[in-house]
>>> print(open('start_15.tsv').read())   # TSV, C-alpha atoms
chain	number	residue	atom	x	y	z
R	104	MET	CA	125.16	82.86	73.84
R	105	THR	CA	121.47	83.64	73.74
R	106	HIS	CA	120.60	87.23	74.37
R	107	PRO	CA	117.72	87.83	76.74
R	108	VAL	CA	114.67	89.85	75.81
R	109	LEU	CA	112.46	90.93	78.69
R	110	GLN	CA	108.85	91.99	78.21
R	111	THR	CA	106.82	94.13	80.57
R	112	GLU	CA	103.33	95.49	80.10
R	113	ARG	CA	104.55	98.49	78.08
R	114	LEU	CA	108.22	97.83	77.37
R	115	THR	CA	110.70	95.51	75.72
R	116	LEU	CA	114.19	95.29	77.23
R	117	ARG	CA	116.75	93.97	74.77
R	118	LEU	CA	120.44	94.27	74.00
R	119	PRO	CA	121.49	97.63	72.61
R	120	SER	CA	122.14	97.64	68.86
R	121	ALA	CA	123.29	99.96	66.08
R	122	GLU	CA	119.67	100.85	65.31
R	123	ASP	CA	119.50	102.53	68.74
R	124	PHE	CA	122.35	104.92	68.04
R	125	GLU	CA	120.46	108.08	67.00
R	126	ALA	CA	118.22	107.95	70.09
R	127	TRP	CA	121.19	106.88	72.25
R	128	ALA	CA	123.25	109.86	71.02
R	129	ALA	CA	120.33	112.27	71.58
R	130	PHE	CA	119.93	110.90	75.13
R	131	HIS	CA	123.64	111.42	75.84
R	132	ALA	CA	123.40	114.99	74.50
R	133	GLU	CA	120.57	116.00	76.91
R	134	GLU	CA	122.10	118.20	79.59
R	135	ASP	CA	119.33	117.61	82.17
R	136	THR	CA	119.31	113.85	81.58
R	137	MET	CA	123.08	113.48	81.75
R	138	ARG	CA	123.58	115.78	84.75
R	139	PHE	CA	123.89	112.78	87.09
R	140	LEU	CA	125.07	110.24	84.49
R	141	GLY	CA	128.59	111.46	83.85
R	142	GLY	CA	127.78	114.58	81.81
R	143	VAL	CA	126.87	115.31	78.21
R	144	GLN	CA	128.66	113.23	75.58
R	145	ALA	CA	129.47	114.17	72.01
R	146	ARG	CA	128.33	111.72	69.29
R	147	GLY	CA	131.70	109.96	69.20
R	148	ALA	CA	131.69	109.38	72.95
R	149	ALA	CA	128.04	108.26	72.80
R	150	TRP	CA	128.99	105.75	70.08
R	151	ARG	CA	131.77	104.39	72.30
R	152	SER	CA	129.39	104.11	75.27
R	153	LEU	CA	126.89	102.16	73.13
R	154	CYS	CA	129.70	99.85	72.00
R	155	THR	CA	130.88	99.49	75.61
R	156	MET	CA	127.40	98.36	76.64
R	157	VAL	CA	127.20	95.86	73.78
R	158	GLY	CA	130.72	94.62	74.53
R	159	ALA	CA	129.93	94.14	78.21
R	160	TRP	CA	127.30	91.58	77.22
R	161	SER	CA	130.07	89.49	75.64
R	162	VAL	CA	132.68	90.08	78.34
R	163	ARG	CA	130.55	90.01	81.51
R	164	GLY	CA	127.42	88.25	80.25
R	165	PHE	CA	125.27	91.21	81.26
R	166	ALA	CA	124.91	94.96	80.76
R	167	MET	CA	122.18	97.52	80.52
R	168	PHE	CA	119.33	96.84	78.15
R	169	SER	CA	117.92	99.20	75.56
R	170	VAL	CA	114.38	99.92	76.69
R	171	ILE	CA	111.87	100.08	73.85
R	172	GLU	CA	108.28	101.30	74.03
R	173	ARG	CA	106.23	98.33	72.81
R	174	ASP	CA	103.41	100.33	71.21
R	175	THR	CA	105.65	102.61	69.16
R	176	GLY	CA	109.03	100.87	68.94
R	177	ARG	CA	110.71	104.06	70.18
R	178	TRP	CA	113.91	103.90	72.25
R	179	VAL	CA	113.09	104.99	75.82
R	180	GLY	CA	116.43	104.65	77.60
R	181	ARG	CA	118.96	102.24	79.05
R	182	ILE	CA	118.31	100.25	82.19
R	183	GLY	CA	119.78	97.13	83.67
R	184	PRO	CA	122.69	95.30	85.25
R	185	TRP	CA	126.02	97.09	85.28
R	186	GLN	CA	129.40	96.39	86.85
R	187	PRO	CA	132.42	97.76	85.03
R	188	GLU	CA	135.89	97.08	86.41
R	189	GLY	CA	136.35	98.77	89.79
R	190	TRP	CA	132.63	99.44	90.31
R	191	PRO	CA	131.55	99.41	93.98
R	192	GLY	CA	129.07	96.56	93.48
R	193	ARG	CA	126.60	94.91	91.15
R	194	GLU	CA	124.26	97.65	90.04
R	195	ILE	CA	120.92	98.01	88.35
R	196	GLY	CA	121.26	101.41	86.75
R	197	TRP	CA	118.79	103.49	84.80
R	198	GLY	CA	118.36	106.46	82.57
R	199	VAL	CA	115.41	107.42	80.40
R	200	ALA	CA	115.20	110.09	77.72
R	201	ARG	CA	113.59	113.33	78.85
R	202	GLU	CA	110.50	112.83	76.68
R	203	PHE	CA	109.72	109.57	78.53
R	204	ALA	CA	110.34	110.82	82.08
R	205	GLY	CA	107.42	110.73	84.49
R	206	ARG	CA	105.57	107.84	82.82
R	207	GLY	CA	106.71	105.13	85.22
R	208	TYR	CA	108.89	103.49	82.56
R	209	ALA	CA	112.04	103.60	84.70
R	210	HIS	CA	110.26	101.77	87.53
R	211	GLU	CA	108.69	99.21	85.20
R	212	ALA	CA	112.00	98.45	83.48
R	213	ALA	CA	114.02	98.51	86.71
R	214	CYS	CA	111.68	95.92	88.26
R	215	ALA	CA	112.19	93.64	85.25
R	216	ALA	CA	115.96	94.18	85.47
R	217	MET	CA	115.95	93.46	89.22
R	218	ASP	CA	114.07	90.22	88.58
R	219	TYR	CA	116.60	89.30	85.88
R	220	ALA	CA	119.57	90.04	88.16
R	221	VAL	CA	118.15	87.96	91.01
R	222	ASP	CA	116.50	85.11	89.08
R	223	VAL	CA	118.86	84.67	86.12
R	224	LEU	CA	122.20	86.17	87.11
R	225	GLY	CA	121.94	84.93	90.69
R	226	TRP	CA	122.94	88.22	92.29
R	227	HIS	CA	122.69	88.28	96.09
R	228	HIS	CA	122.96	92.04	96.56
R	229	ILE	CA	122.06	94.90	94.21
R	230	ILE	CA	123.02	98.56	94.40
R	231	HIS	CA	122.11	101.75	92.57
R	232	THR	CA	124.84	104.43	92.59
R	233	ILE	CA	123.09	107.78	92.96
R	234	ASP	CA	124.27	111.35	93.39
R	235	PRO	CA	122.83	112.68	96.69
R	236	GLU	CA	121.22	115.57	94.75
R	237	ASN	CA	119.41	113.28	92.29
R	238	ALA	CA	116.00	113.32	93.99
R	239	GLY	CA	114.24	111.49	91.15
R	240	SER	CA	116.60	108.51	91.22
R	241	ILE	CA	116.50	108.42	95.02
R	242	ARG	CA	112.70	108.22	94.89
R	243	LEU	CA	112.92	105.37	92.36
R	244	ALA	CA	115.48	103.50	94.48
R	245	GLN	CA	113.21	103.86	97.52
R	246	ARG	CA	110.20	102.70	95.50
R	247	LEU	CA	112.23	99.61	94.57
R	248	GLY	CA	112.88	98.99	98.27
R	249	ALA	CA	116.53	100.08	98.39
R	250	VAL	CA	118.05	101.86	101.39
R	251	ASN	CA	120.98	104.26	101.47
R	252	GLU	CA	124.07	102.23	102.37
R	253	GLY	CA	126.34	105.28	102.32
R	254	PRO	CA	128.92	106.89	100.05
R	255	VAL	CA	130.99	104.83	97.63
R	256	SER	CA	133.77	105.65	95.19
R	257	LEU	CA	133.55	105.15	91.46
R	258	PRO	CA	136.60	104.19	89.37
R	259	ALA	CA	138.44	106.61	87.07
R	260	PRO	CA	137.44	108.67	85.20
R	261	LEU	CA	134.39	109.06	87.48
R	262	GLU	CA	136.28	109.25	90.80
R	263	SER	CA	135.28	112.88	91.40
R	264	PHE	CA	131.53	112.10	91.33
R	265	ARG	CA	129.78	111.97	94.70
R	266	VAL	CA	127.50	108.95	94.89
R	267	ASP	CA	125.77	106.87	97.52
R	268	ALA	CA	125.04	103.18	97.11
R	269	TRP	CA	121.35	102.48	97.55
R	270	GLY	CA	120.93	98.75	97.92
R	271	GLN	CA	119.13	95.66	99.06
R	272	SER	CA	119.64	91.92	99.18
R	273	ALA	CA	118.07	89.48	96.76
R	274	ASP	CA	115.97	88.13	99.64
R	275	GLN	CA	114.68	91.63	100.37
R	276	TRP	CA	113.76	92.04	96.69
R	277	ARG	CA	112.03	88.64	96.64
R	278	ALA	CA	110.06	89.52	99.79
R	279	ARG	CA	109.06	92.85	98.26
R	280	ARG	CA	107.69	91.15	95.13
R	281	GLY	CA	106.01	88.44	97.22
R	282	ASP	CA	108.43	85.49	97.03
R	283	ARG	CA	109.58	83.49	100.03
R	284	PRO	CA	113.26	84.06	100.87
R	285	SER	CA	115.60	81.33	99.62
>>> encode(input="start_15.tsv", output="C-alpha cells")
Amino acid sequence: MTHPVLQTERLTLRLPSAEDFEAWAAFHAEEDTMRFLGGVQARGAAWRSLCTMVGAWSVRGFAMFSVIERDTGRWVGRIGPWQPEGWPGREIGWGVAREFAGRGYAHEAACAAMDYAVDVLGWHHIIHTIDPENAGSIRLAQRLGAVNEGPVSLPAPLESFRVDAWGQSADQWRARRGDRPS
C-alpha cells in the first residue's frame, strides 16, 4: 500500500510516525486544545492514540494525517479522514497545537483532506463532529461549507460527549471549490 503525502502551500500532510510522538504527546496534554477532543491524555494514552491512527491506515485505508509545517518541519497537528467503529459518519476531523492556532493551517489542511476524501476515497458525504460550544471549529466547518445536520451520538467511551454533525455532500464540496457536480 502506498501512503499518500499531500502538499499545500505551507503544509505537508503525511501518515503519523514515531518521530511525531513528542509533539503529539504535547498536543494531547494541552488542556485548551483537548477540551473538545476527548480531554487531556497522559503520555501512554497519547502513544496509544498515535498507534491507533497509524493502525487505522492499515485497517481502514485512511486516517488523520500528521500536519507538518513545510518551512520548519514542525508538527502542527492532526487533520484528516476518520471513521472508527460506530462513528456517526465519515468525518474530516482536525486539531492543531495551540502554538499554530489562528494561522489558517486548520483550514488549509482540512481543504486538502476534503479533496482527498472526495477525489481519492470516493466519499459522497462528509461530516465534522463538533461540540456545540466549540465556536472555533464551528466557524471552520462553516468556512468549509458545512451545515449543522443536528446532534449525533459517538460510540463508547465518548457517548457522553454532546456533538453535532456538520456536513455536506461531495457535490456540494466540488461546487464550492469550482468543480461541476458528478
>>> residues_around(input="start_15.tsv", residues="region 108-111 of chain R", least_positions_apart="6", cutoff="10 Å", atoms="all atoms listed in the file", output="list in words")
Arg117, Leu118, Phe168, Ser169, Val170, Ile171, Glu172, Arg173, Tyr208, Glu211, Ala212, Cys214, Ala215, Ala216 and Tyr219 of chain R
>>> residues_around(input="start_15.tsv", residues="region 251-254 of chain R", least_positions_apart="5", cutoff="8 Å", atoms="only C-alpha atoms", output="mmCIF file with C-alpha atoms, keeping the file's coordinate frame")
data_model
loop_
_atom_site.group_PDB
_atom_site.id
_atom_site.type_symbol
_atom_site.label_atom_id
_atom_site.label_comp_id
_atom_site.auth_asym_id
_atom_site.auth_seq_id
_atom_site.Cartn_x
_atom_site.Cartn_y
_atom_site.Cartn_z
ATOM 1 C CA ARG R 265 129.780 111.970 94.700
ATOM 2 C CA VAL R 266 127.500 108.950 94.890
ATOM 3 C CA ASP R 267 125.770 106.870 97.520
ATOM 4 C CA ALA R 268 125.040 103.180 97.110
ATOM 5 C CA TRP R 269 121.350 102.480 97.550
ATOM 6 C CA GLY R 270 120.930 98.750 97.920
#
>>> closest_residue(input="start_15.tsv", among="R:Gly205, R:Gln271, R:Glu194, R:Ser263", to="Gly239 (chain R)", atoms="all atoms listed in the file")
R:Gly205
>>> residues_near_point(input="start_15.tsv", point="(109.3, 106.3, 86.2)", cutoff="12 Å", atoms="only C-alpha atoms", output="list in words")
Val179, Gly180, Ile182, Trp197, Gly198, Val199, Ala200, Arg201, Glu202, Phe203, Ala204, Gly205, Arg206, Gly207, Tyr208, Ala209, His210, Glu211, Ala212, Ala213, Cys214, Gly239, Ser240, Ile241, Arg242, Leu243, Ala244, Arg246 and Leu247 of chain R
>>> closest_residue(input="start_15.tsv", among="R:Leu114, R:Ala128, R:Leu257, R:Val250", to="Gln186 (chain R)", atoms="only C-alpha atoms")
R:Leu257
>>> atom_distance(input="start_15.tsv", atom1="CA of Ala238 (chain R)", atom2="CA of Trp226 (chain R)")
26.1 Å
>>> closest_residue(input="start_15.tsv", among="R:Trp150, R:Trp178, R:Phe124, R:Gly183", to="Pro107 (chain R)", atoms="only C-alpha atoms")
R:Gly183
>>> decode(input="start_15.tsv", residues="region 135-272 of chain R", atoms="C-alpha atoms", output="PDB file, in the first residue's frame")
ATOM      1  CA  ASP R 135      -7.384  24.114  25.976  1.00  0.00           C
ATOM      2  CA  THR R 136      -6.644  22.125  22.813  1.00  0.00           C
ATOM      3  CA  MET R 137      -8.109  18.884  24.128  1.00  0.00           C
ATOM      4  CA  ARG R 138     -11.204  20.449  25.720  1.00  0.00           C
ATOM      5  CA  PHE R 139     -13.355  19.398  22.756  1.00  0.00           C
ATOM      6  CA  LEU R 140     -11.221  16.446  21.609  1.00  0.00           C
ATOM      7  CA  GLY R 141     -11.911  13.948  24.365  1.00  0.00           C
ATOM      8  CA  GLY R 142      -9.872  15.555  27.145  1.00  0.00           C
ATOM      9  CA  VAL R 143      -6.217  15.637  28.136  1.00  0.00           C
ATOM     10  CA  GLN R 144      -4.288  12.399  27.662  1.00  0.00           C
ATOM     11  CA  ALA R 145      -1.271  11.166  29.593  1.00  0.00           C
ATOM     12  CA  ARG R 146       1.780  10.141  27.520  1.00  0.00           C
ATOM     13  CA  GLY R 147       0.765   6.481  27.499  1.00  0.00           C
ATOM     14  CA  ALA R 148      -2.709   7.275  26.198  1.00  0.00           C
ATOM     15  CA  ALA R 149      -1.236   9.695  23.647  1.00  0.00           C
ATOM     16  CA  TRP R 150       1.090   6.909  22.443  1.00  0.00           C
ATOM     17  CA  ARG R 151      -1.890   4.583  22.019  1.00  0.00           C
ATOM     18  CA  SER R 152      -3.827   7.262  20.106  1.00  0.00           C
ATOM     19  CA  LEU R 153      -0.853   7.766  17.749  1.00  0.00           C
ATOM     20  CA  CYS R 154      -0.676   3.999  17.214  1.00  0.00           C
ATOM     21  CA  THR R 155      -4.451   3.880  16.662  1.00  0.00           C
ATOM     22  CA  MET R 156      -4.141   6.495  13.923  1.00  0.00           C
ATOM     23  CA  VAL R 157      -1.270   4.629  12.255  1.00  0.00           C
ATOM     24  CA  GLY R 158      -3.153   1.335  12.566  1.00  0.00           C
ATOM     25  CA  ALA R 159      -6.298   2.807  11.029  1.00  0.00           C
ATOM     26  CA  TRP R 160      -4.322   3.444   7.845  1.00  0.00           C
ATOM     27  CA  SER R 161      -3.717  -0.309   7.577  1.00  0.00           C
ATOM     28  CA  VAL R 162      -7.186  -1.412   8.675  1.00  0.00           C
ATOM     29  CA  ARG R 163      -9.399   1.218   7.004  1.00  0.00           C
ATOM     30  CA  GLY R 164      -7.048   2.587   4.353  1.00  0.00           C
ATOM     31  CA  PHE R 165      -7.370   6.093   5.776  1.00  0.00           C
ATOM     32  CA  ALA R 166      -6.961   8.069   8.993  1.00  0.00           C
ATOM     33  CA  MET R 167      -5.891  11.505  10.068  1.00  0.00           C
ATOM     34  CA  PHE R 168      -2.650  12.853   8.710  1.00  0.00           C
ATOM     35  CA  SER R 169       0.154  14.421  10.686  1.00  0.00           C
ATOM     36  CA  VAL R 170       0.311  18.015   9.514  1.00  0.00           C
ATOM     37  CA  ILE R 171       3.835  19.356   9.138  1.00  0.00           C
ATOM     38  CA  GLU R 172       4.869  22.967   8.580  1.00  0.00           C
ATOM     39  CA  ARG R 173       6.868  22.869   5.336  1.00  0.00           C
ATOM     40  CA  ASP R 174       9.261  25.710   6.167  1.00  0.00           C
ATOM     41  CA  THR R 175      10.290  24.389   9.574  1.00  0.00           C
ATOM     42  CA  GLY R 176       9.389  20.685   9.606  1.00  0.00           C
ATOM     43  CA  ARG R 177       7.495  21.208  12.867  1.00  0.00           C
ATOM     44  CA  TRP R 178       4.440  19.081  13.708  1.00  0.00           C
ATOM     45  CA  VAL R 179       1.338  21.306  13.547  1.00  0.00           C
ATOM     46  CA  GLY R 180      -1.484  18.884  14.351  1.00  0.00           C
ATOM     47  CA  ARG R 181      -3.612  16.042  13.068  1.00  0.00           C
ATOM     48  CA  ILE R 182      -6.225  16.504  10.381  1.00  0.00           C
ATOM     49  CA  GLY R 183      -7.983  14.193   8.002  1.00  0.00           C
ATOM     50  CA  PRO R 184     -10.393  11.352   7.367  1.00  0.00           C
ATOM     51  CA  TRP R 185     -11.672   9.478  10.389  1.00  0.00           C
ATOM     52  CA  GLN R 186     -14.299   6.800  10.945  1.00  0.00           C
ATOM     53  CA  PRO R 187     -13.712   4.451  13.856  1.00  0.00           C
ATOM     54  CA  GLU R 188     -16.196   1.652  14.503  1.00  0.00           C
ATOM     55  CA  GLY R 189     -19.595   3.052  15.480  1.00  0.00           C
ATOM     56  CA  TRP R 190     -18.811   6.600  14.306  1.00  0.00           C
ATOM     57  CA  PRO R 191     -21.858   8.521  13.033  1.00  0.00           C
ATOM     58  CA  GLY R 192     -20.389   9.041   9.558  1.00  0.00           C
ATOM     59  CA  ARG R 193     -17.263   9.616   7.516  1.00  0.00           C
ATOM     60  CA  GLU R 194     -15.534  12.563   9.099  1.00  0.00           C
ATOM     61  CA  ILE R 195     -12.802  15.015   8.290  1.00  0.00           C
ATOM     62  CA  GLY R 196     -11.580  15.934  11.742  1.00  0.00           C
ATOM     63  CA  TRP R 197      -8.987  18.429  12.876  1.00  0.00           C
ATOM     64  CA  GLY R 198      -6.895  19.599  15.742  1.00  0.00           C
ATOM     65  CA  VAL R 199      -3.869  21.880  15.727  1.00  0.00           C
ATOM     66  CA  ALA R 200      -1.421  22.587  18.525  1.00  0.00           C
ATOM     67  CA  ARG R 201      -2.066  25.821  20.400  1.00  0.00           C
ATOM     68  CA  GLU R 202       1.075  27.499  19.056  1.00  0.00           C
ATOM     69  CA  PHE R 203      -0.231  27.092  15.483  1.00  0.00           C
ATOM     70  CA  ALA R 204      -3.830  28.201  16.103  1.00  0.00           C
ATOM     71  CA  GLY R 205      -5.055  31.250  14.231  1.00  0.00           C
ATOM     72  CA  ARG R 206      -2.708  30.899  11.241  1.00  0.00           C
ATOM     73  CA  GLY R 207      -5.220  29.319   8.875  1.00  0.00           C
ATOM     74  CA  TYR R 208      -3.422  25.958   8.969  1.00  0.00           C
ATOM     75  CA  ALA R 209      -6.535  24.023  10.011  1.00  0.00           C
ATOM     76  CA  HIS R 210      -8.473  25.410   7.036  1.00  0.00           C
ATOM     77  CA  GLU R 211      -5.621  24.795   4.595  1.00  0.00           C
ATOM     78  CA  ALA R 212      -5.133  21.204   5.749  1.00  0.00           C
ATOM     79  CA  ALA R 213      -8.872  20.489   6.023  1.00  0.00           C
ATOM     80  CA  CYS R 214      -9.373  21.596   2.403  1.00  0.00           C
ATOM     81  CA  ALA R 215      -6.634  19.203   1.272  1.00  0.00           C
ATOM     82  CA  ALA R 216      -8.185  16.419   3.363  1.00  0.00           C
ATOM     83  CA  MET R 217     -11.661  17.148   1.950  1.00  0.00           C
ATOM     84  CA  ASP R 218     -10.243  16.940  -1.579  1.00  0.00           C
ATOM     85  CA  TYR R 219      -8.565  13.632  -0.692  1.00  0.00           C
ATOM     86  CA  ALA R 220     -11.773  12.193   0.783  1.00  0.00           C
ATOM     87  CA  VAL R 221     -13.846  13.162  -2.249  1.00  0.00           C
ATOM     88  CA  ASP R 222     -11.327  12.589  -5.067  1.00  0.00           C
ATOM     89  CA  VAL R 223      -9.361   9.577  -3.785  1.00  0.00           C
ATOM     90  CA  LEU R 224     -11.530   7.835  -1.200  1.00  0.00           C
ATOM     91  CA  GLY R 225     -14.732   8.468  -3.154  1.00  0.00           C
ATOM     92  CA  TRP R 226     -16.735   9.696  -0.174  1.00  0.00           C
ATOM     93  CA  HIS R 227     -20.203  11.020  -1.029  1.00  0.00           C
ATOM     94  CA  HIS R 228     -20.915  12.762   2.275  1.00  0.00           C
ATOM     95  CA  ILE R 229     -18.535  14.228   4.860  1.00  0.00           C
ATOM     96  CA  ILE R 230     -19.221  15.276   8.435  1.00  0.00           C
ATOM     97  CA  HIS R 231     -17.345  17.054  11.198  1.00  0.00           C
ATOM     98  CA  THR R 232     -18.447  16.109  14.735  1.00  0.00           C
ATOM     99  CA  ILE R 233     -18.334  19.295  16.807  1.00  0.00           C
ATOM    100  CA  ASP R 234     -19.316  20.181  20.358  1.00  0.00           C
ATOM    101  CA  PRO R 235     -21.959  22.958  20.181  1.00  0.00           C
ATOM    102  CA  GLU R 236     -19.717  25.147  22.402  1.00  0.00           C
ATOM    103  CA  ASN R 237     -16.674  24.826  20.119  1.00  0.00           C
ATOM    104  CA  ALA R 238     -17.068  28.143  18.290  1.00  0.00           C
ATOM    105  CA  GLY R 239     -13.707  27.895  16.513  1.00  0.00           C
ATOM    106  CA  SER R 240     -14.466  24.511  14.941  1.00  0.00           C
ATOM    107  CA  ILE R 241     -17.980  25.630  14.021  1.00  0.00           C
ATOM    108  CA  ARG R 242     -16.509  28.638  12.189  1.00  0.00           C
ATOM    109  CA  LEU R 243     -14.088  26.343  10.337  1.00  0.00           C
ATOM    110  CA  ALA R 244     -16.880  23.927   9.387  1.00  0.00           C
ATOM    111  CA  GLN R 245     -18.953  26.840   8.069  1.00  0.00           C
ATOM    112  CA  ARG R 246     -15.950  28.188   6.144  1.00  0.00           C
ATOM    113  CA  LEU R 247     -15.646  24.739   4.540  1.00  0.00           C
ATOM    114  CA  GLY R 248     -19.310  24.953   3.514  1.00  0.00           C
ATOM    115  CA  ALA R 249     -20.753  22.504   6.054  1.00  0.00           C
ATOM    116  CA  VAL R 250     -24.167  22.976   7.651  1.00  0.00           C
ATOM    117  CA  ASN R 251     -25.385  21.743  11.021  1.00  0.00           C
ATOM    118  CA  GLU R 252     -27.214  18.463  10.431  1.00  0.00           C
ATOM    119  CA  GLY R 253     -28.106  18.060  14.109  1.00  0.00           C
ATOM    120  CA  PRO R 254     -26.967  16.071  17.125  1.00  0.00           C
ATOM    121  CA  VAL R 255     -25.334  12.671  16.747  1.00  0.00           C
ATOM    122  CA  SER R 256     -24.059  10.075  19.205  1.00  0.00           C
ATOM    123  CA  LEU R 257     -20.473   8.946  19.452  1.00  0.00           C
ATOM    124  CA  PRO R 258     -19.542   5.372  20.404  1.00  0.00           C
ATOM    125  CA  ALA R 259     -18.147   4.372  23.807  1.00  0.00           C
ATOM    126  CA  PRO R 260     -16.152   5.667  25.554  1.00  0.00           C
ATOM    127  CA  LEU R 261     -17.232   9.026  24.073  1.00  0.00           C
ATOM    128  CA  GLU R 262     -21.008   8.502  24.374  1.00  0.00           C
ATOM    129  CA  SER R 263     -21.387  11.276  26.972  1.00  0.00           C
ATOM    130  CA  PHE R 264     -19.970  13.963  24.651  1.00  0.00           C
ATOM    131  CA  ARG R 265     -22.507  16.313  23.058  1.00  0.00           C
ATOM    132  CA  VAL R 266     -21.736  16.780  19.375  1.00  0.00           C
ATOM    133  CA  ASP R 267     -23.493  17.937  16.249  1.00  0.00           C
ATOM    134  CA  ALA R 268     -22.684  16.623  12.786  1.00  0.00           C
ATOM    135  CA  TRP R 269     -21.762  19.457  10.455  1.00  0.00           C
ATOM    136  CA  GLY R 270     -21.794  18.095   6.938  1.00  0.00           C
ATOM    137  CA  GLN R 271     -22.083  18.400   3.212  1.00  0.00           C
ATOM    138  CA  SER R 272     -22.194  16.190   0.147  1.00  0.00           C
TER     139      SER R 272
END
